[in-house]
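Printed here is start.pdb (PDB, C-alpha atoms):
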MODEL        1
ATOM      1  CA  MET X 209      89.200   5.805-129.586
ATOM      2  CA  THR X 210      87.015   6.504-126.540
ATOM      3  CA  LEU X 211      86.051   3.803-124.076
ATOM      4  CA  LYS X 212      82.266   4.006-124.141
ATOM      5  CA  ALA X 213      81.337   0.986-122.014
ATOM      6  CA  PHE X 214      80.618   1.322-118.308
ATOM      7  CA  PRO X 215      83.817   0.755-116.303
ATOM      8  CA  THR X 216      84.868  -2.869-115.852
ATOM      9  CA  ALA X 217      88.171  -4.706-115.557
ATOM     10  CA  LEU X 218      87.678  -5.830-119.157
ATOM     11  CA  THR X 219      87.294  -2.209-120.273
ATOM     12  CA  LEU X 220      90.605  -1.279-118.698
ATOM     13  CA  LEU X 221      92.302  -4.312-120.262
ATOM     14  CA  PHE X 222      90.951  -3.179-123.637
ATOM     15  CA  ALA X 223      92.477   0.243-123.023
ATOM     16  CA  VAL X 224      95.897  -1.325-122.472
ATOM     17  CA  CYS X 225      95.741  -3.248-125.741
ATOM     18  CA  PHE X 226      94.363  -0.339-127.742
ATOM     19  CA  PRO X 227      95.822   2.935-126.431
ATOM     20  CA  VAL X 228      93.520   5.942-126.529
ATOM     21  CA  TYR X 229      94.323   8.642-129.068
ATOM     22  CA  ALA X 230      95.139  11.875-127.276
ATOM     23  CA  ASP X 231      92.310  14.377-127.521
ATOM     24  CA  PHE X 232      90.402  16.215-124.832
ATOM     25  CA  SER X 233      86.995  14.762-125.717
ATOM     26  CA  SER X 234      88.278  11.200-125.333
ATOM     27  CA  ALA X 235      90.144  12.110-122.160
ATOM     28  CA  LYS X 236      86.944  13.361-120.529
ATOM     29  CA  GLU X 237      85.271  10.036-121.269
ATOM     30  CA  ASP X 238      88.236   8.121-119.888
ATOM     31  CA  LEU X 239      88.214  10.298-116.773
ATOM     32  CA  LYS X 240      84.716   9.020-115.968
ATOM     33  CA  ILE X 241      85.895   5.438-116.359
ATOM     34  CA  ILE X 242      88.818   6.012-114.020
ATOM     35  CA  VAL X 243      86.845   7.888-111.368
ATOM     36  CA  ALA X 244      84.174   5.179-111.285
ATOM     37  CA  GLN X 245      86.836   2.665-110.206
ATOM     38  CA  LEU X 246      87.678   4.625-107.056
ATOM     39  CA  ASP X 247      86.311   4.159-103.550
ATOM     40  CA  LYS X 248      83.550   6.724-102.915
ATOM     41  CA  PRO X 249      84.916   9.259-105.428
ATOM     42  CA  THR X 250      84.406  12.975-104.851
ATOM     43  CA  THR X 251      84.982  16.287-106.618
ATOM     44  CA  LEU X 252      88.463  17.789-106.511
ATOM     45  CA  TYR X 253      88.052  20.976-104.514
ATOM     46  CA  CYS X 254      84.835  20.629-102.543
ATOM     47  CA  GLY X 255      84.748  16.899-101.860
ATOM     48  CA  CYS X 256      81.167  16.457-103.074
ATOM     49  CA  ARG X 257      80.143  12.869-103.626
ATOM     50  CA  LEU X 258      79.849  11.832-107.265
ATOM     51  CA  ILE X 259      76.642  10.230-108.489
ATOM     52  CA  PHE X 260      76.795   8.052-111.599
ATOM     53  CA  LYS X 261      73.422   8.223-113.366
ATOM     54  CA  SER X 262      74.410   6.098-116.357
ATOM     55  CA  GLU X 263      77.452   4.806-118.164
ATOM     56  CA  ASP X 264      78.360   8.251-119.491
ATOM     57  CA  ARG X 265      76.847  10.750-117.013
ATOM     58  CA  TYR X 266      77.861  11.745-113.513
ATOM     59  CA  PHE X 267      76.901  14.602-111.233
ATOM     60  CA  PRO X 268      77.957  16.182-107.945
ATOM     61  CA  GLU X 269      75.760  15.632-104.897
ATOM     62  CA  LEU X 270      75.963  19.199-103.615
ATOM     63  CA  ASN X 271      74.307  18.475-100.264
ATOM     64  CA  SER X 272      76.974  15.905 -99.429
ATOM     65  CA  CYS X 273      79.608  18.625 -99.028
ATOM     66  CA  GLY X 274      77.438  21.573 -98.017
ATOM     67  CA  TYR X 275      77.994  23.330-101.340
ATOM     68  CA  ALA X 276      76.165  26.647-101.777
ATOM     69  CA  ILE X 277      75.610  27.779-105.358
ATOM     70  CA  ARG X 278      77.257  31.162-105.810
ATOM     71  CA  GLU X 279      75.591  32.253-109.038
ATOM     72  CA  ASN X 280      75.540  29.693-111.839
ATOM     73  CA  LYS X 281      73.074  26.917-110.990
ATOM     74  CA  GLU X 282      73.505  25.163-114.340
ATOM     75  CA  ARG X 283      77.273  24.786-114.025
ATOM     76  CA  ALA X 284      77.054  24.048-110.306
ATOM     77  CA  SER X 285      74.865  21.045-111.118
ATOM     78  CA  ARG X 286      77.335  19.385-113.451
ATOM     79  CA  ILE X 287      80.815  17.897-113.382
ATOM     80  CA  GLU X 288      83.536  19.353-115.599
ATOM     81  CA  ALA X 289      87.045  18.079-116.274
ATOM     82  CA  GLU X 290      89.233  20.606-114.471
ATOM     83  CA  HIS X 291      92.722  21.243-115.836
ATOM     84  CA  ILE X 292      94.722  21.736-112.643
ATOM     85  CA  VAL X 293      97.410  23.354-114.774
ATOM     86  CA  PRO X 294      95.175  25.521-116.993
ATOM     87  CA  ALA X 295      95.217  25.171-120.766
ATOM     88  CA  TYR X 296      96.349  28.787-121.017
ATOM     89  CA  VAL X 297      99.443  28.061-118.926
ATOM     90  CA  PHE X 298     100.694  25.202-121.109
ATOM     91  CA  GLY X 299      99.334  26.569-124.370
ATOM     92  CA  HIS X 300      99.864  30.315-124.621
ATOM     93  CA  THR X 301     103.609  30.055-125.364
ATOM     94  CA  LEU X 302     103.000  27.786-128.370
ATOM     95  CA  SER X 303     103.052  29.374-131.825
ATOM     96  CA  CYS X 304      99.530  28.097-132.557
ATOM     97  CA  TRP X 305      98.238  30.167-129.648
ATOM     98  CA  ALA X 306     100.429  33.207-130.245
ATOM     99  CA  ASN X 307      99.470  33.427-133.930
ATOM    100  CA  ALA X 308      95.738  32.881-133.427
ATOM    101  CA  PRO X 309      93.169  35.694-133.459
ATOM    102  CA  LYS X 310      92.626  37.151-129.993
ATOM    103  CA  GLY X 311      90.487  34.868-127.876
ATOM    104  CA  HIS X 312      90.920  31.865-130.188
ATOM    105  CA  GLY X 313      94.288  30.508-129.033
ATOM    106  CA  ARG X 314      93.013  27.319-127.483
ATOM    107  CA  GLU X 315      90.707  26.609-130.410
ATOM    108  CA  GLN X 316      93.539  27.091-132.894
ATOM    109  CA  CYS X 317      95.932  24.885-130.937
ATOM    110  CA  GLU X 318      93.348  22.107-130.719
ATOM    111  CA  LEU X 319      93.093  22.176-134.506
ATOM    112  CA  THR X 320      96.787  22.394-135.376
ATOM    113  CA  SER X 321      99.081  21.275-132.551
ATOM    114  CA  ARG X 322      99.651  17.629-131.673
ATOM    115  CA  LEU X 323     101.706  18.690-128.640
ATOM    116  CA  PHE X 324      98.843  20.797-127.328
ATOM    117  CA  ASP X 325      96.429  17.870-127.817
ATOM    118  CA  VAL X 326      98.676  15.641-125.732
ATOM    119  CA  MET X 327      99.017  18.182-122.931
ATOM    120  CA  GLU X 328      95.327  19.097-122.964
ATOM    121  CA  SER X 329      94.277  15.454-122.706
ATOM    122  CA  ASP X 330      96.864  14.298-120.150
ATOM    123  CA  LEU X 331      94.774  12.497-117.546
ATOM    124  CA  HIS X 332      97.237  13.206-114.753
ATOM    125  CA  ASN X 333      96.194  16.866-115.025
ATOM    126  CA  LEU X 334      92.415  16.273-115.189
ATOM    127  CA  TYR X 335      90.094  15.971-112.203
ATOM    128  CA  PRO X 336      86.304  16.084-111.810
ATOM    129  CA  ALA X 337      85.233  19.444-110.387
ATOM    130  CA  ILE X 338      81.953  21.263-109.885
ATOM    131  CA  GLY X 339      81.449  23.281-113.060
ATOM    132  CA  GLU X 340      80.806  26.573-111.291
ATOM    133  CA  VAL X 341      84.097  26.331-109.378
ATOM    134  CA  ASN X 342      85.950  25.313-112.522
ATOM    135  CA  GLY X 343      84.542  28.353-114.320
ATOM    136  CA  ASP X 344      85.306  30.748-111.484
ATOM    137  CA  ARG X 345      88.865  29.489-111.112
ATOM    138  CA  GLY X 346      89.652  29.893-114.816
ATOM    139  CA  ASN X 347      93.382  30.469-115.293
ATOM    140  CA  TYR X 348      94.007  31.768-111.788
ATOM    141  CA  SER X 349      97.112  30.667-109.926
ATOM    142  CA  PHE X 350      97.047  28.897-106.573
ATOM    143  CA  THR X 351      98.234  30.446-103.335
ATOM    144  CA  ASN X 352      98.121  29.767 -99.590
ATOM    145  CA  ARG X 353      96.099  32.823 -98.611
ATOM    146  CA  ILE X 354      94.150  35.770-100.007
ATOM    147  CA  ASN X 355      94.306  39.179 -98.360
ATOM    148  CA  SER X 356      91.187  39.818 -96.306
ATOM    149  CA  GLY X 357      90.477  43.075 -98.152
ATOM    150  CA  SER X 358      89.946  41.368-101.505
ATOM    151  CA  GLU X 359      86.509  40.315-102.746
ATOM    152  CA  THR X 360      86.372  36.531-102.571
ATOM    153  CA  PHE X 361      84.042  33.966-104.095
ATOM    154  CA  THR X 362      82.970  31.306-101.583
ATOM    155  CA  TYR X 363      80.748  28.235-101.828
ATOM    156  CA  GLY X 364      79.112  27.455 -98.497
ATOM    157  CA  GLN X 365      80.921  24.719 -96.565
ATOM    158  CA  CYS X 366      83.272  24.106 -99.487
ATOM    159  CA  LYS X 367      86.551  25.734 -98.418
ATOM    160  CA  MET X 368      87.628  26.793-101.918
ATOM    161  CA  LYS X 369      88.229  30.553-102.123
ATOM    162  CA  ILE X 370      88.719  32.509-105.342
ATOM    163  CA  SER X 371      89.651  36.169-105.796
ATOM    164  CA  PRO X 372      88.791  37.470-109.283
ATOM    165  CA  LYS X 373      90.507  40.776-108.518
ATOM    166  CA  LEU X 374      93.818  39.152-107.612
ATOM    167  CA  GLY X 375      93.505  36.278-110.072
ATOM    168  CA  GLU X 376      94.267  33.785-107.311
ATOM    169  CA  ALA X 377      92.632  30.774-105.697
ATOM    170  CA  VAL X 378      93.163  29.154-102.294
ATOM    171  CA  PRO X 379      92.219  25.468-102.442
ATOM    172  CA  PRO X 380      91.173  23.453 -99.393
ATOM    173  CA  ASP X 381      93.803  21.252 -97.769
ATOM    174  CA  ARG X 382      92.190  18.139 -99.254
ATOM    175  CA  ALA X 383      93.216  19.252-102.754
ATOM    176  CA  LYS X 384      96.645  20.803-102.145
ATOM    177  CA  GLY X 385      98.687  17.624-102.524
ATOM    178  CA  ILE X 386      96.822  16.623-105.686
ATOM    179  CA  ILE X 387      97.357  20.093-107.153
ATOM    180  CA  ALA X 388     101.047  20.101-106.273
ATOM    181  CA  ARG X 389     101.744  16.707-107.822
ATOM    182  CA  ALA X 390      99.888  17.659-111.003
ATOM    183  CA  TYR X 391     101.900  20.878-111.378
ATOM    184  CA  LEU X 392     105.225  19.165-110.655
ATOM    185  CA  TYR X 393     104.365  16.402-113.119
ATOM    186  CA  MET X 394     103.323  18.754-115.929
ATOM    187  CA  SER X 395     106.417  20.876-115.385
ATOM    188  CA  GLN X 396     108.713  17.877-115.581
ATOM    189  CA  ARG X 397     106.999  16.043-118.442
ATOM    190  CA  TYR X 398     106.481  19.010-120.755
ATOM    191  CA  ASN X 399     109.298  21.265-119.614
ATOM    192  CA  LEU X 400     106.895  23.911-118.316
ATOM    193  CA  ALA X 401     108.593  26.607-116.289
ATOM    194  CA  LEU X 402     107.468  27.219-112.717
ATOM    195  CA  THR X 403     108.242  30.438-110.910
ATOM    196  CA  VAL X 404     110.450  30.242-107.843
ATOM    197  CA  ALA X 405     107.383  30.880-105.686
ATOM    198  CA  GLU X 406     105.370  28.146-107.437
ATOM    199  CA  GLU X 407     108.151  25.593-107.119
ATOM    200  CA  LYS X 408     108.513  26.362-103.411
ATOM    201  CA  LEU X 409     104.753  26.223-102.814
ATOM    202  CA  PHE X 410     104.108  22.985-104.687
ATOM    203  CA  THR X 411     107.138  21.248-103.228
ATOM    204  CA  ALA X 412     105.877  22.114 -99.754
ATOM    205  CA  TRP X 413     102.333  20.940-100.523
ATOM    206  CA  ASN X 414     103.653  17.719-102.044
ATOM    207  CA  GLU X 415     105.523  16.926 -98.848
ATOM    208  CA  LYS X 416     102.815  17.979 -96.392
ATOM    209  CA  TYR X 417      99.738  16.527 -98.079
ATOM    210  CA  ARG X 418     100.453  12.934 -99.030
ATOM    211  CA  PRO X 419      98.294  10.928-101.468
ATOM    212  CA  ASP X 420      95.484   8.748-100.182
ATOM    213  CA  LYS X 421      94.565   5.325-101.573
ATOM    214  CA  ASN X 422      92.283   6.823-104.205
ATOM    215  CA  GLU X 423      95.024   9.048-105.583
ATOM    216  CA  CYS X 424      97.380   6.061-105.745
ATOM    217  CA  ARG X 425      94.768   3.893-107.457
ATOM    218  CA  ARG X 426      93.909   6.654-109.909
ATOM    219  CA  ASN X 427      97.590   6.930-110.844
ATOM    220  CA  GLU X 428      97.712   3.193-111.573
ATOM    221  CA  LEU X 429      94.560   3.302-113.718
ATOM    222  CA  ILE X 430      95.853   6.259-115.723
ATOM    223  CA  GLU X 431      99.066   4.383-116.426
ATOM    224  CA  LEU X 432      97.013   1.474-117.783
ATOM    225  CA  ILE X 433      95.129   3.744-120.189
ATOM    226  CA  GLN X 434      97.681   6.456-120.964
ATOM    227  CA  GLY X 435     100.890   4.455-120.660
ATOM    228  CA  ASN X 436     102.717   6.542-118.055
ATOM    229  CA  ASP X 437     102.477   7.256-114.353
ATOM    230  CA  ASN X 438     102.923  10.455-112.368
ATOM    231  CA  PRO X 439     106.255   9.747-110.620
ATOM    232  CA  PHE X 440     105.516  12.266-107.875
ATOM    233  CA  ILE X 441     102.506  10.146-106.889
ATOM    234  CA  THR X 442     104.221   6.797-107.449
ATOM    235  CA  GLU X 443     107.102   7.727-105.178
ATOM    236  CA  LYS X 444     104.815   8.564-102.260
ATOM    237  CA  CYS X 445     102.439   5.648-102.792
ATOM    238  CA  ARG X 446     105.250   3.127-102.329
ATOM    239  CA  VAL X 447     105.285   3.847 -98.601
ATOM    240  CA  LEU X 448     101.512   3.712 -98.004
TER     241      LEU X 448
ENDMDL
END
Target format structure tokens, applied to this file:
Amino acid sequence: MTLKAFPTALTLLFAVCFPVYADFSSAKEDLKIIVAQLDKPTTLYCGCRLIFKSEDRYFPELNSCGYAIRENKERASRIEAEHIVPAYVFGHTLSCWANAPKGHGREQCELTSRLFDVMESDLHNLYPAIGEVNGDRGNYSFTNRINSGSETFTYGQCKMKISPKLGEAVPPDRAKGIIARAYLYMSQRYNLALTVAEEKLFTAWNEKYRPDKNECRRNELIELIQGNDNPFITEKCRVL
């Protein structure tokens, strides 16, 4: 069941009484509902203001964050639901992915694995991002810095940096805490292994970059719809 109506308190109450079935398509619709409840919501990495054109369509205002289109104007002009922990990371170890024809792992898992559906649609791991950045980031891991000698994708005043050669991305400070708490949550909830370096990095980001009121509110709204919070956010929001 997808909540089609424009966001209202009644819509969220309906979601509590009738939990949403876990699938990515429904989750993307619910993400719009949640984001619309926030105070001046923006995109994850670049901080572009979100414009809601209708009950089921929203767009990034690129001028609001000084975003410069790198290459793909079509994807730069739309919002996509970014998996902070990429689908490949939580899906490729599943048998549905491993046994699928090359290049069809995600498709096969969506058709056959209930566990994959739940992970793919977990709202605590989904954030609105500019489509071009989402596409460029792909499955790349996050890091604190990229060597100056590596070719890097940049986006004007948006401080996101992506190195296709290294398969790494350096997010702006505004997104580091959000990223860390999503990774720590997904690791804990679904028993996903983090490398020693990842655990150290995300623990540090979680401590240094605390959640703002929007992140706390978002966590509460997701719990209403999905039935569970992100404890790494809840813990820090108690002291705000």
Next on the checklist: For the PyMOL selection byres ((chain X and resi 423) around 10), applied here, can you spell out every residue it catches as a PyMOL selection string?
Outcome noted: chain X and resi 246+385-386+418-422+424-429+441-442+445
Item to check | Close residues, Glu376 (chain X) itself excluded, 9 Å, all atoms listed in the file, min 4 positions apart in chain, as a list in words | outcome: Arg345, Asn347, Tyr348, Ser349, Phe350, Thr351, Arg353, Ile354, Lys369, Ile370, Ser371 and Pro372 of chain X
Next on the checklist: Would you pick out the contacts of region 269-277 of chain X at 7 Å or less, using all atoms listed in the file, so that residues sharing its chain but fewer than 4 positions from it are not included, and give the list as a PyMOL selection string?
Outcome noted: chain X and resi 254-259+281+284+363-366
Item to check | Given only C-alpha atoms as the counted atoms, nearest of X:Glu407, X:Glu290, X:Glu279, X:Asp381 to Ala337 (chain X) | outcome: X:Glu290
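What separates CA of Glu237 (chain X) from CA of Ser303 (chain X) is a distance of 28.3 Å.
When CA of Ala390 (chain X) is paired with CA of Tyr266 (chain X), their separation reads 22.9 Å.
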Checklist entry - Distance CA of Val404 (chain X)-CA of Lys416 (chain X), one decimal place? => result 18.4 Å
